[in-house]
file upload_39.txt (compact mmCIF, C-alpha atoms and all ligand atoms)
# COMPACT_ATOMS: atom_id res chain seq x y z
CA MET A 1 9.27 56.20 18.63
CA ALA A 2 10.69 53.49 16.43
CA ASP A 3 13.81 54.38 14.47
CA GLN A 4 12.05 53.53 11.30
CA ILE A 5 8.74 52.04 10.33
CA ILE A 6 8.76 50.34 6.97
CA LEU A 7 5.80 49.00 5.11
CA HIS A 8 6.22 46.36 2.45
CA VAL A 9 3.32 45.79 0.10
CA ASP A 10 3.08 42.98 -2.43
CA MET A 11 0.11 42.15 -4.63
CA ASP A 12 -1.33 38.63 -4.48
CA ALA A 13 -0.78 36.48 -7.60
CA PHE A 14 -0.50 39.75 -9.43
CA TYR A 15 -0.90 39.02 -13.16
CA ALA A 16 -3.40 36.25 -12.49
CA SER A 17 -5.50 38.39 -10.14
CA VAL A 18 -5.71 41.18 -12.69
CA GLU A 19 -6.94 38.75 -15.34
CA ILE A 20 -9.49 37.24 -12.96
CA ARG A 21 -10.69 40.71 -11.98
CA ASP A 22 -11.32 41.52 -15.63
CA ASN A 23 -12.94 38.21 -16.50
CA PRO A 24 -14.93 36.77 -13.60
CA GLU A 25 -15.38 33.50 -15.49
CA LEU A 26 -11.80 32.76 -14.54
CA ALA A 27 -12.52 33.04 -10.82
CA GLY A 28 -11.88 29.91 -8.83
CA LYS A 29 -10.11 28.20 -11.71
CA PRO A 30 -6.47 27.23 -12.04
CA LEU A 31 -5.09 30.03 -14.17
CA ILE A 32 -1.54 30.07 -15.51
CA ILE A 33 -0.08 33.23 -17.01
CA GLY A 34 2.98 32.85 -19.18
CA SER A 35 3.26 31.01 -22.42
CA LEU A 36 0.79 28.51 -23.83
CA PRO A 37 1.52 24.80 -23.33
CA THR A 38 2.20 24.49 -27.06
CA GLU A 39 4.98 27.09 -26.91
CA ARG A 40 8.43 27.15 -25.46
CA GLY A 41 8.41 29.24 -22.29
CA VAL A 42 7.82 29.58 -18.58
CA VAL A 43 5.12 30.31 -16.04
CA ALA A 44 5.07 33.98 -15.03
CA THR A 45 2.55 33.38 -12.31
CA ALA A 46 -0.31 31.11 -11.38
CA SER A 47 -3.54 31.67 -9.49
CA TYR A 48 -3.66 30.17 -6.01
CA GLU A 49 -5.90 27.38 -7.38
CA ALA A 50 -3.19 26.44 -9.89
CA ARG A 51 -0.53 26.57 -7.19
CA LYS A 52 -2.34 23.69 -5.45
CA TYR A 53 -1.15 21.52 -8.33
CA GLY A 54 2.42 22.57 -7.71
CA VAL A 55 2.57 25.11 -10.52
CA HIS A 56 4.78 28.11 -9.73
CA SER A 57 6.57 31.12 -11.25
CA GLY A 58 9.57 30.31 -13.37
CA MET A 59 8.50 26.72 -14.02
CA ASN A 60 8.80 25.38 -17.54
CA ILE A 61 5.37 25.57 -19.15
CA LYS A 62 5.48 21.93 -20.27
CA GLU A 63 6.05 20.88 -16.66
CA ALA A 64 3.12 23.07 -15.58
CA TYR A 65 0.94 21.43 -18.19
CA ARG A 66 1.90 18.00 -16.94
CA LEU A 67 0.90 18.99 -13.40
CA CYS A 68 -2.21 20.89 -14.38
CA PRO A 69 -3.58 19.90 -17.80
CA ARG A 70 -7.01 21.37 -17.02
CA GLY A 71 -5.58 24.77 -16.26
CA ILE A 72 -6.36 27.85 -18.29
CA TYR A 73 -3.22 29.18 -19.97
CA MET A 74 -2.86 32.79 -21.02
CA HIS A 75 -0.24 35.18 -22.32
CA PRO A 76 0.55 38.14 -20.09
CA ASN A 77 -0.81 41.60 -20.90
CA PHE A 78 2.10 43.73 -19.78
CA ASP A 79 0.48 47.01 -20.76
CA LYS A 80 -2.43 46.26 -18.50
CA TYR A 81 -0.27 45.25 -15.54
CA ARG A 82 1.80 48.36 -15.98
CA ALA A 83 -1.30 50.55 -15.92
CA VAL A 84 -2.51 48.79 -12.76
CA SER A 85 0.95 49.21 -11.27
CA ASN A 86 0.85 52.94 -11.91
CA GLN A 87 -2.49 53.15 -10.19
CA LEU A 88 -1.15 51.20 -7.21
CA HIS A 89 1.91 53.41 -6.95
CA GLY A 90 -0.48 56.36 -6.83
CA ILE A 91 -2.11 54.92 -3.72
CA TRP A 92 1.16 53.86 -2.09
CA ASN A 93 2.80 57.23 -2.60
CA ASP A 94 0.04 58.89 -0.58
CA TYR A 95 1.39 57.36 2.62
CA ALA A 96 5.16 57.41 2.25
CA THR A 97 7.94 59.93 2.52
CA ALA A 98 9.97 57.58 0.31
CA ALA A 99 8.80 54.75 -1.92
CA GLU A 100 11.11 52.16 -3.40
CA SER A 101 9.53 50.04 -6.10
CA ILE A 102 11.10 46.69 -6.53
CA ALA A 103 8.67 45.22 -9.01
CA LEU A 104 5.44 46.18 -10.74
CA ASP A 105 3.49 44.79 -7.82
CA GLU A 106 5.74 45.48 -4.88
CA ALA A 107 7.30 48.34 -2.97
CA TYR A 108 8.88 49.41 0.29
CA LEU A 109 7.39 52.53 1.84
CA ASP A 110 9.05 54.59 4.51
CA ILE A 111 6.12 55.50 6.75
CA THR A 112 8.11 56.49 9.84
CA GLU A 113 6.92 60.09 9.77
CA THR A 114 3.53 59.64 8.20
CA ALA A 115 2.60 56.94 10.72
CA GLY A 116 4.17 58.41 13.85
CA ASP A 117 3.83 55.18 15.79
CA TRP A 118 2.87 51.54 15.33
CA ALA A 119 -0.85 52.26 15.74
CA GLY A 120 -0.57 54.82 12.98
CA ALA A 121 1.33 52.34 10.84
CA ARG A 122 -1.36 49.74 11.32
CA GLU A 123 -3.94 52.25 10.20
CA ILE A 124 -1.97 53.09 7.06
CA ALA A 125 -1.62 49.41 6.25
CA GLN A 126 -5.35 48.87 6.61
CA THR A 127 -6.10 51.94 4.52
CA ILE A 128 -3.84 50.74 1.73
CA LYS A 129 -5.47 47.34 1.79
CA ARG A 130 -8.94 48.86 1.73
CA ARG A 131 -8.18 51.32 -1.05
CA THR A 132 -6.56 48.56 -3.11
CA ARG A 133 -9.73 46.51 -2.74
CA GLU A 134 -12.16 49.35 -3.38
CA GLU A 135 -10.33 51.33 -6.05
CA VAL A 136 -8.36 48.67 -7.88
CA HIS A 137 -10.45 45.60 -7.00
CA LEU A 138 -7.44 43.53 -6.06
CA THR A 139 -5.96 42.17 -2.85
CA CYS A 140 -2.51 42.72 -1.50
CA SER A 141 -0.44 41.55 1.43
CA VAL A 142 1.14 44.10 3.70
CA GLY A 143 3.85 43.85 6.30
CA ILE A 144 5.03 46.56 8.65
CA ALA A 145 8.29 46.30 10.51
CA TYR A 146 11.37 47.98 11.91
CA SER A 147 13.47 47.00 8.86
CA LYS A 148 13.17 46.24 5.17
CA THR A 149 13.94 42.55 5.52
CA ALA A 150 11.47 42.18 8.36
CA ALA A 151 8.80 44.10 6.43
CA LYS A 152 9.20 41.80 3.45
CA THR A 153 9.07 38.79 5.71
CA ALA A 154 5.94 40.18 7.34
CA SER A 155 4.13 40.71 4.05
CA GLU A 156 4.85 37.11 3.03
CA GLU A 157 3.70 35.76 6.37
CA LYS A 158 -0.08 35.71 5.86
CA LYS A 159 -0.37 35.76 2.09
CA PRO A 160 -2.82 36.15 0.37
CA ASP A 161 -4.71 39.22 1.61
CA GLY A 162 -2.35 39.16 4.56
CA TYR A 163 -1.28 41.55 7.25
CA PHE A 164 1.51 41.08 9.78
CA GLU A 165 3.74 43.15 12.04
CA ILE A 166 7.31 42.61 13.17
CA ARG A 167 8.18 45.38 15.56
CA THR A 168 11.58 44.37 16.88
CA PRO A 169 14.67 42.40 15.84
CA GLU A 170 13.82 39.89 18.58
CA GLU A 171 10.41 39.21 17.06
CA PHE A 172 12.02 38.80 13.68
CA VAL A 173 14.61 36.34 14.94
CA ASP A 174 12.01 34.30 16.85
CA LEU A 175 10.01 33.98 13.67
CA ILE A 176 12.75 32.87 11.31
CA ILE A 177 15.42 31.21 13.39
CA ASP A 178 14.53 27.69 12.30
CA ARG A 179 13.83 28.58 8.70
CA ASP A 180 16.02 28.03 5.68
CA VAL A 181 18.84 30.58 5.28
CA ARG A 182 16.98 31.98 2.30
CA ALA A 183 14.64 33.62 4.79
CA LEU A 184 17.40 36.23 4.99
CA TYR A 185 16.47 37.74 1.68
CA THR A 186 19.92 38.59 0.46
CA VAL A 187 20.72 34.89 0.38
CA GLY A 188 20.05 33.68 -3.13
CA ALA A 189 19.95 30.14 -4.45
CA ARG A 190 23.68 29.96 -5.16
CA THR A 191 24.75 31.29 -1.76
CA ALA A 192 22.31 28.97 -0.02
CA GLU A 193 23.83 26.07 -1.95
CA LYS A 194 27.33 27.05 -0.85
CA LEU A 195 26.26 27.22 2.78
CA LYS A 196 24.37 23.97 2.59
CA ARG A 197 27.45 22.17 1.31
CA VAL A 198 29.12 22.82 4.68
CA GLY A 199 25.96 22.02 6.56
CA ILE A 200 24.69 25.52 7.23
CA ALA A 201 21.04 25.26 6.37
CA THR A 202 19.04 27.37 8.79
CA VAL A 203 19.27 30.83 10.29
CA ARG A 204 20.20 29.18 13.57
CA ASP A 205 23.15 27.52 11.84
CA VAL A 206 24.30 30.91 10.58
CA ARG A 207 24.22 32.28 14.13
CA ASP A 208 26.03 29.27 15.54
CA ARG A 209 28.73 29.29 12.87
CA GLN A 210 29.23 32.97 12.10
CA ASP A 211 32.99 32.76 11.60
CA GLU A 212 32.61 30.09 8.98
CA VAL A 213 29.95 32.07 7.15
CA VAL A 214 32.21 35.09 7.01
CA ARG A 215 35.20 33.01 5.93
CA LEU A 216 33.13 31.41 3.19
CA LEU A 217 31.37 34.48 1.88
CA GLY A 218 33.47 37.46 2.89
CA LYS A 219 31.64 40.76 3.11
CA HIS A 220 28.36 39.24 2.09
CA GLY A 221 28.84 36.76 4.91
CA THR A 222 29.15 39.57 7.45
CA HIS A 223 25.95 41.03 6.11
CA ILE A 224 24.18 37.69 6.39
CA THR A 225 25.27 37.12 9.98
CA ARG A 226 24.01 40.58 10.91
CA MET A 227 20.69 39.76 9.27
CA ALA A 228 20.52 36.56 11.31
CA TYR A 229 20.36 38.83 14.38
CA GLY A 230 17.73 40.98 12.76
CA ILE A 231 20.16 43.84 12.20
CA ASP A 232 19.22 45.66 9.02
CA ASP A 233 19.27 49.43 8.96
CA ARG A 234 18.99 49.84 5.20
CA LYS A 235 16.90 52.82 4.25
CA VAL A 236 14.06 52.98 1.78
CA VAL A 237 15.77 54.51 -1.21
CA PRO A 238 13.51 56.33 -3.60
CA TYR A 239 14.47 55.74 -7.19
CA ASP A 240 17.43 57.92 -8.04
CA PRO A 241 18.07 58.61 -11.72
CA LEU A 242 21.72 59.25 -10.92
CA ASP A 243 22.03 55.76 -9.56
CA THR A 244 25.14 54.13 -10.98
CA LYS A 245 23.10 51.15 -11.95
CA SER A 246 21.49 53.16 -14.69
CA ILE A 247 22.39 53.79 -18.26
CA SER A 248 21.16 56.69 -20.29
CA ARG A 249 21.80 58.74 -23.37
CA GLU A 250 20.77 62.26 -23.97
CA LEU A 251 21.34 64.98 -26.48
CA THR A 252 20.95 68.72 -26.68
CA PHE A 253 19.61 70.18 -29.90
CA GLN A 254 21.26 73.08 -31.67
CA GLU A 255 17.88 74.77 -31.71
CA ASP A 256 14.91 74.11 -29.46
CA VAL A 257 12.41 71.60 -30.80
CA SER A 258 8.65 72.05 -30.58
CA ASP A 259 7.81 69.18 -32.87
CA PHE A 260 6.98 66.22 -30.64
CA GLY A 261 6.93 63.93 -33.66
CA LEU A 262 10.60 64.67 -34.16
CA LEU A 263 11.23 64.13 -30.45
CA ASP A 264 9.61 60.73 -30.73
CA ASP A 265 11.88 59.83 -33.66
CA VAL A 266 14.96 60.94 -31.77
CA LEU A 267 13.77 59.02 -28.75
CA PHE A 268 13.85 55.91 -30.87
CA LEU A 269 17.52 56.47 -31.72
CA LEU A 270 18.26 57.06 -28.05
CA ALA A 271 16.45 53.87 -27.08
CA MET A 272 18.47 51.85 -29.58
CA SER A 273 21.62 53.36 -28.25
CA VAL A 274 20.68 52.68 -24.62
CA GLU A 275 19.91 49.08 -25.48
CA ARG A 276 23.41 48.63 -26.92
CA ARG A 277 25.10 50.09 -23.89
CA ALA A 278 22.96 48.12 -21.48
CA LYS A 279 23.71 44.90 -23.31
CA ARG A 280 27.42 45.62 -23.27
CA LYS A 281 27.34 46.22 -19.54
CA GLY A 282 25.10 43.25 -18.92
CA LEU A 283 22.58 45.45 -17.17
CA HIS A 284 19.03 44.26 -17.12
CA GLY A 285 16.88 47.28 -16.65
CA ARG A 286 13.64 47.21 -14.80
CA GLY A 287 12.71 50.81 -15.21
CA VAL A 288 12.68 53.23 -18.09
CA THR A 289 13.25 56.95 -17.74
CA LEU A 290 12.60 59.91 -19.92
CA LYS A 291 14.46 63.14 -19.33
CA VAL A 292 13.53 66.44 -20.88
CA THR A 293 14.95 69.92 -20.46
CA TYR A 294 12.65 72.60 -21.77
CA ALA A 295 13.88 75.75 -23.51
CA ASP A 296 13.52 77.67 -20.21
CA MET A 297 15.90 75.14 -18.61
CA LYS A 298 13.19 73.49 -16.56
CA ASN A 299 14.17 69.86 -16.10
CA ILE A 300 11.87 66.91 -15.78
CA THR A 301 12.43 63.20 -15.35
CA ARG A 302 9.68 60.64 -15.62
CA SER A 303 10.11 56.96 -15.01
CA ARG A 304 8.23 53.76 -15.01
CA ILE A 305 8.79 50.22 -13.83
CA VAL A 306 8.63 47.54 -16.48
CA VAL A 307 8.94 43.79 -16.47
CA SER A 308 12.01 43.91 -18.61
CA SER A 309 13.53 46.86 -20.40
CA ASP A 310 16.21 44.91 -22.19
CA SER A 311 14.84 45.64 -25.60
CA ALA A 312 15.03 48.91 -27.50
CA ALA A 313 11.40 48.44 -28.51
CA THR A 314 10.30 48.44 -24.88
CA ILE A 315 12.53 51.34 -23.93
CA TRP A 316 11.23 53.38 -26.82
CA GLN A 317 7.59 52.52 -26.24
CA GLU A 318 7.75 53.34 -22.55
CA ALA A 319 9.68 56.54 -23.07
CA ARG A 320 7.34 57.76 -25.80
CA ASP A 321 4.38 57.03 -23.57
CA LEU A 322 5.96 59.23 -20.93
CA LEU A 323 6.72 61.84 -23.59
CA GLY A 324 3.02 61.86 -24.46
CA GLN A 325 2.20 62.81 -20.88
CA ILE A 326 4.40 65.85 -20.47
CA GLU A 327 3.76 69.48 -21.30
CA LYS A 328 4.14 70.32 -24.99
CA ARG A 329 6.66 73.16 -24.88
CA PRO A 330 9.90 73.73 -26.81
CA VAL A 331 12.53 71.22 -25.80
CA ARG A 332 16.25 71.73 -25.57
CA LEU A 333 17.46 68.35 -24.39
CA ILE A 334 16.00 64.89 -24.50
CA GLY A 335 17.27 61.71 -22.91
CA ALA A 336 16.23 58.11 -22.37
CA GLY A 337 17.57 55.56 -19.95
CA VAL A 338 17.09 52.33 -18.12
CA TYR A 339 17.83 51.61 -14.51
CA ASN A 340 18.05 48.65 -12.31
CA LEU A 341 16.41 48.90 -8.96
CA THR A 342 17.57 45.93 -6.97
CA GLY A 343 20.21 44.30 -9.08
CA ASP A 344 19.78 41.23 -11.15
CA ASP A 345 17.69 38.74 -9.25
CA GLY A 346 17.25 36.45 -12.11
CA TRP A 347 13.70 36.37 -13.33
CA GLN A 348 12.67 39.75 -14.64
CA MET A 349 14.60 39.37 -17.83
CA SER A 350 13.65 35.81 -18.43
CA LEU A 351 10.02 35.91 -19.32
CA GLU A 352 10.01 37.97 -22.44
CA ASP A 353 13.17 36.25 -23.55
CA TYR A 354 11.35 32.99 -23.40
CA LEU A 355 8.40 34.20 -25.39
CA GLU A 356 9.78 33.88 -28.87
CA GLU A 357 6.73 35.49 -30.33
CA SER A 358 7.29 38.59 -28.32
CA ILE A 359 10.90 38.84 -29.46
CA ASP A 360 9.69 38.69 -33.05
CA GLU A 361 7.11 41.34 -32.30
CA LYS A 362 9.80 43.58 -30.87
CA GLN A 363 12.04 43.14 -33.87
CA GLN A 364 9.05 44.00 -36.04
CA ILE A 365 8.47 47.22 -34.11
CA ILE A 366 12.10 48.17 -34.64
CA ASP A 367 12.14 47.26 -38.34
CA ASP A 368 8.94 49.22 -38.95
CA LYS A 369 10.25 52.29 -37.21
CA LEU A 370 13.53 52.16 -39.11
CA ALA A 371 11.66 51.94 -42.39
CA GLU A 372 9.45 54.85 -41.35
CA LEU A 373 12.44 57.00 -40.42
CA GLY A 374 14.25 56.08 -43.62
CA GLU A 375 11.34 57.30 -45.63
CA ARG A 376 10.62 60.43 -43.63
CA TYR A 377 14.16 61.75 -43.55
CA HIS A 378 15.43 60.11 -46.72
CA LEU A 379 18.04 58.39 -44.64
CA ASP A 380 19.69 55.15 -45.52
CA PHE A 381 20.12 53.52 -42.15
CA ALA A 382 21.28 50.21 -43.46
CA GLY A 383 25.03 50.70 -43.41
CA ASN A 384 25.11 53.27 -40.62
CA LEU A 385 23.13 51.71 -37.83
CA ASP A 386 26.14 50.64 -35.87
CA LYS A 387 27.63 54.10 -35.83
CA ILE A 388 24.36 55.77 -34.98
CA PHE A 389 23.50 53.45 -32.16
CA SER A 390 26.94 53.18 -30.72
CA GLY A 391 26.61 56.91 -30.27
CA THR A 392 29.35 58.12 -32.60
CA THR A 393 26.97 59.69 -35.10
CA LEU A 394 23.86 59.78 -32.95
CA TYR A 395 24.04 63.49 -32.40
CA ARG A 396 24.74 64.28 -36.03
CA THR A 397 21.88 62.07 -37.18
CA ALA A 398 19.46 63.74 -34.76
CA GLU A 399 20.53 67.18 -36.00
CA TYR A 400 20.12 66.02 -39.58
CA MET A 401 16.61 64.85 -38.73
CA ARG A 402 15.79 68.14 -37.08
CA LYS A 403 16.77 70.06 -40.18
CA HIS A 404 15.10 67.74 -42.67
CA ARG A 405 11.74 67.25 -41.10
N1 LIG A 501 6.70 37.20 -12.39
C1 LIG A 501 7.31 36.70 -13.55
N2 LIG A 501 8.23 35.69 -13.46
C2 LIG A 501 8.57 35.18 -12.25
C3 LIG A 501 7.99 35.69 -11.08
C4 LIG A 501 7.05 36.71 -11.18
O1 LIG A 501 7.00 37.17 -14.62
N3 LIG A 501 9.47 34.18 -12.19
C5 LIG A 501 5.68 38.25 -12.52
C6 LIG A 501 4.29 37.62 -12.46
C7 LIG A 501 3.78 37.94 -11.11
C8 LIG A 501 4.48 39.23 -10.77
O2 LIG A 501 5.73 39.20 -11.47
O3 LIG A 501 2.37 38.05 -11.06
C9 LIG A 501 4.73 39.42 -9.30
O4 LIG A 501 5.59 38.41 -8.84
P1 LIG A 501 5.47 37.79 -7.39
O5 LIG A 501 6.70 37.00 -7.15
O6 LIG A 501 5.12 38.86 -6.42
O7 LIG A 501 4.30 36.73 -7.50
P2 LIG A 501 2.74 36.92 -7.53
O8 LIG A 501 2.33 38.32 -7.27
O9 LIG A 501 2.23 36.34 -8.81
O10 LIG A 501 2.27 35.98 -6.38
P3 LIG A 501 2.34 36.19 -4.78
O11 LIG A 501 0.92 36.23 -4.33
O12 LIG A 501 3.04 34.98 -4.27
O13 LIG A 501 3.09 37.45 -4.53
CA CA A 502 3.12 39.49 -5.57
CA CA A 503 6.23 40.75 -6.01
call {"tool": "encode", "arguments": {"input": "upload_39.txt", "output": "structure tokens"}}
result
Amino acid sequence: MADQIILHVDMDAFYASVEIRDNPELAGKPLIIGSLPTERGVVATASYEARKYGVHSGMNIKEAYRLCPRGIYMHPNFDKYRAVSNQLHGIWNDYATAAESIALDEAYLDITETAGDWAGAREIAQTIKRRTREEVHLTCSVGIAYSKTAAKTASEEKKPDGYFEIRTPEEFVDLIIDRDVRALYTVGARTAEKLKRVGIATVRDVRDRQDEVVRLLGKHGTHITRMAYGIDDRKVVPYDPLDTKSISRELTFQEDVSDFGLLDDVLFLLAMSVERRAKRKGLHGRGVTLKVTYADMKNITRSRIVVSSDSAATIWQEARDLLGQIEKRPVRLIGAGVYNLTGDDGWQMSLEDYLEESIDEKQQIIDDKLAELGERYHLDFAGNLDKIFSGTTLYRTAEYMRKHR
């Protein structure tokens, strides 16, 4: 039996496919999701028809418009994609002993045990593809392999609606040896640039000039040279709320709270506070968590992947959504947090930042909530916000709210 069998699943043109699914008039047309050509912003994704014109994720919208003036341009509907993502995770989780989400539309699944062997793995892959088609009406690309890197490579291989297997390191190496070094996924644009400057462009070059790679890049270089031989024994790591790459704030009430309206208000303060900390640490969250300890000490944690959880408005909205889904029993402790699943790979935080409108909307959500709280608790937040959100008086404010509701 293989040491591990990993499945990597990635949805095809995710945002665009969801929009086309929900409005068949868009089918077959070049569709660009992101900002409108009249706005400042970037392309989040483009349908495969639009990609024929050279339009791609991350591209400036004006450039996209120049390449594809007849395209249909739409704003993203994050709430919708998130709901679809939850549904997809529901399917994926059925086949894995561990699932590691790395984006709304993408995850690694450890199917070593559930599959048993490669034939079993193939069956799981086909089942996931079929269920995605039948239950969610979307297509995905799936790769199965002996390692995470190879599984990701495999899922890319036959996109869209693809399926591919890479069963051994030898197969992996044969496939990528003459490709750009970026085929080894941990090599980002900057590292690739560094290597290129000394003439190391392909995976073969990395293998031929290992010592140089290590000298140039240190520990990361060692990792890259191992990858160039297909050696990658990283495990599928299910999301761990204790992950150091997470930031959270929580508080325990003096008396248990049964009023979920109050919990929602406190959650807002926590979200503001988390945002401050995350900003200070330069952490760009991609997931939001809610933690609750009930009066009987039962603990629960719920989390959700988001496009970008850099704003307090998003953290609060996601956490309150999760709060709405849990059992309504007296609560002793409540917490909110953000976490980063794969580190900062550059784009997740960019989109919403570029959409000025959406930043304004977020500020509006925050201003409205502050006004609402001010009125409800007769609190003057104006001069005290800094102290509350930096955490110094967070606890006292929450207690004050509990007593004056
Ligand atoms: N996304 C984004 N900004 C980017 C890249 C992606 O907002 N620079 C969003 C939109 C995508 C979704 O994330 O639909 C998934 O990203 P992928 O890179 O997986 O791209 P797609 O799913 O759109 O296309 P593909 O079929 O190539 O996977
Ligand atoms: Ca995708
Ligand atoms: Ca993806």
call {"tool": "residues_around", "arguments": {"input": "upload_39.txt", "residues": "Ala312 (chain A)", "least_positions_apart": "3", "cutoff": "6 Å", "atoms": "all atoms listed in the file", "output": "PyMOL selection string"}}
result
chain A and resi 271-272+275+315-316
call {"tool": "residues_near_ligand", "arguments": {"input": "upload_39.txt", "ligand": "ligand CA 502 (chain A)", "cutoff": "6 Å", "atoms": "all atoms listed in the file", "output": "ChimeraX atom specification"}}
result
/A:10-14,105
call {"tool": "atom_distance", "arguments": {"input": "upload_39.txt", "atom1": "CA of Tyr400 (chain A)", "atom2": "CA of Asn384 (chain A)"}}
result
13.7 Å
call {"tool": "residues_around", "arguments": {"input": "upload_39.txt", "residues": "region 251-259 of chain A", "least_positions_apart": "4", "cutoff": "6 Å", "atoms": "all atoms listed in the file", "output": "number ranges by chain"}}
result
A: 330-334
call {"tool": "residues_around", "arguments": {"input": "upload_39.txt", "residues": "region 162-167 of chain A", "least_positions_apart": "6", "cutoff": "10 Å", "atoms": "all atoms listed in the file", "output": "JSON, numbers by chain"}}
result
{"A": [2, 4, 5, 6, 7, 9, 10, 11, 12, 118, 121, 122, 125, 126, 129, 139, 140, 141, 142, 143, 144, 145, 146, 147, 150, 151, 152, 153, 154, 155, 156, 173, 175]}
call {"tool": "atom_distance", "arguments": {"input": "upload_39.txt", "atom1": "CA of Pro238 (chain A)", "atom2": "atom C9 of ligand LIG 501 (chain A)"}}
result
19.9 Å
call {"tool": "residues_near_ligand", "arguments": {"input": "upload_39.txt", "ligand": "ligand LIG 501 (chain A)", "cutoff": "9 Å", "atoms": "only C-alpha atoms and all ligand atoms", "output": "PyMOL selection string"}}
result
chain A and resi 10-18+33-34+42-48+56-59+76+81+103-106+140-141+156+159-161+307+346-352
call {"tool": "atom_distance", "arguments": {"input": "upload_39.txt", "atom1": "CA of Gly221 (chain A)", "atom2": "CA of Val206 (chain A)"}}
result
9.3 Å
call {"tool": "residues_around", "arguments": {"input": "upload_39.txt", "residues": "Leu370 (chain A)", "least_positions_apart": "2", "cutoff": "10 Å", "atoms": "all atoms listed in the file", "output": "PyMOL selection string"}}
result
chain A and resi 265+268-269+364-368+372-376+379-382+385
call {"tool": "closest_residue", "arguments": {"input": "upload_39.txt", "among": "A:His8, A:Arg304, A:Lys148, A:Lys298", "to": "ligand CA 503 (chain A)", "atoms": "all atoms listed in the file"}}
result
A:His8
call {"tool": "closest_residue", "arguments": {"input": "upload_39.txt", "among": "A:Ile102, A:Val214, A:Ala319, A:Val198", "to": "ligand CA 503 (chain A)", "atoms": "only C-alpha atoms and all ligand atoms"}}
result
A:Ile102
call {"tool": "closest_residue", "arguments": {"input": "upload_39.txt", "among": "A:Pro37, A:Ala398, A:Lys235, A:Tyr108", "to": "ligand CA 503 (chain A)", "atoms": "all atoms listed in the file"}}
result
A:Tyr108
call {"tool": "residues_around", "arguments": {"input": "upload_39.txt", "residues": "Glu135 (chain A)", "least_positions_apart": "3", "cutoff": "12 Å", "atoms": "only C-alpha atoms", "output": "count of residues only"}}
result
13
call {"tool": "closest_residue", "arguments": {"input": "upload_39.txt", "among": "A:Val236, A:Val136, A:Ile176, A:Ala313", "to": "Arg204 (chain A)", "atoms": "only C-alpha atoms"}}
result
A:Ile176
call {"tool": "closest_residue", "arguments": {"input": "upload_39.txt", "among": "A:Ile247, A:Ala107, A:Phe389, A:Gly188", "to": "ligand CA 503 (chain A)", "atoms": "all atoms listed in the file"}}
result
A:Ala107
call {"tool": "closest_residue", "arguments": {"input": "upload_39.txt", "among": "A:Asn340, A:Thr97, A:Asn86, A:Asn60", "to": "Asp110 (chain A)", "atoms": "only C-alpha atoms"}}
result
A:Thr97
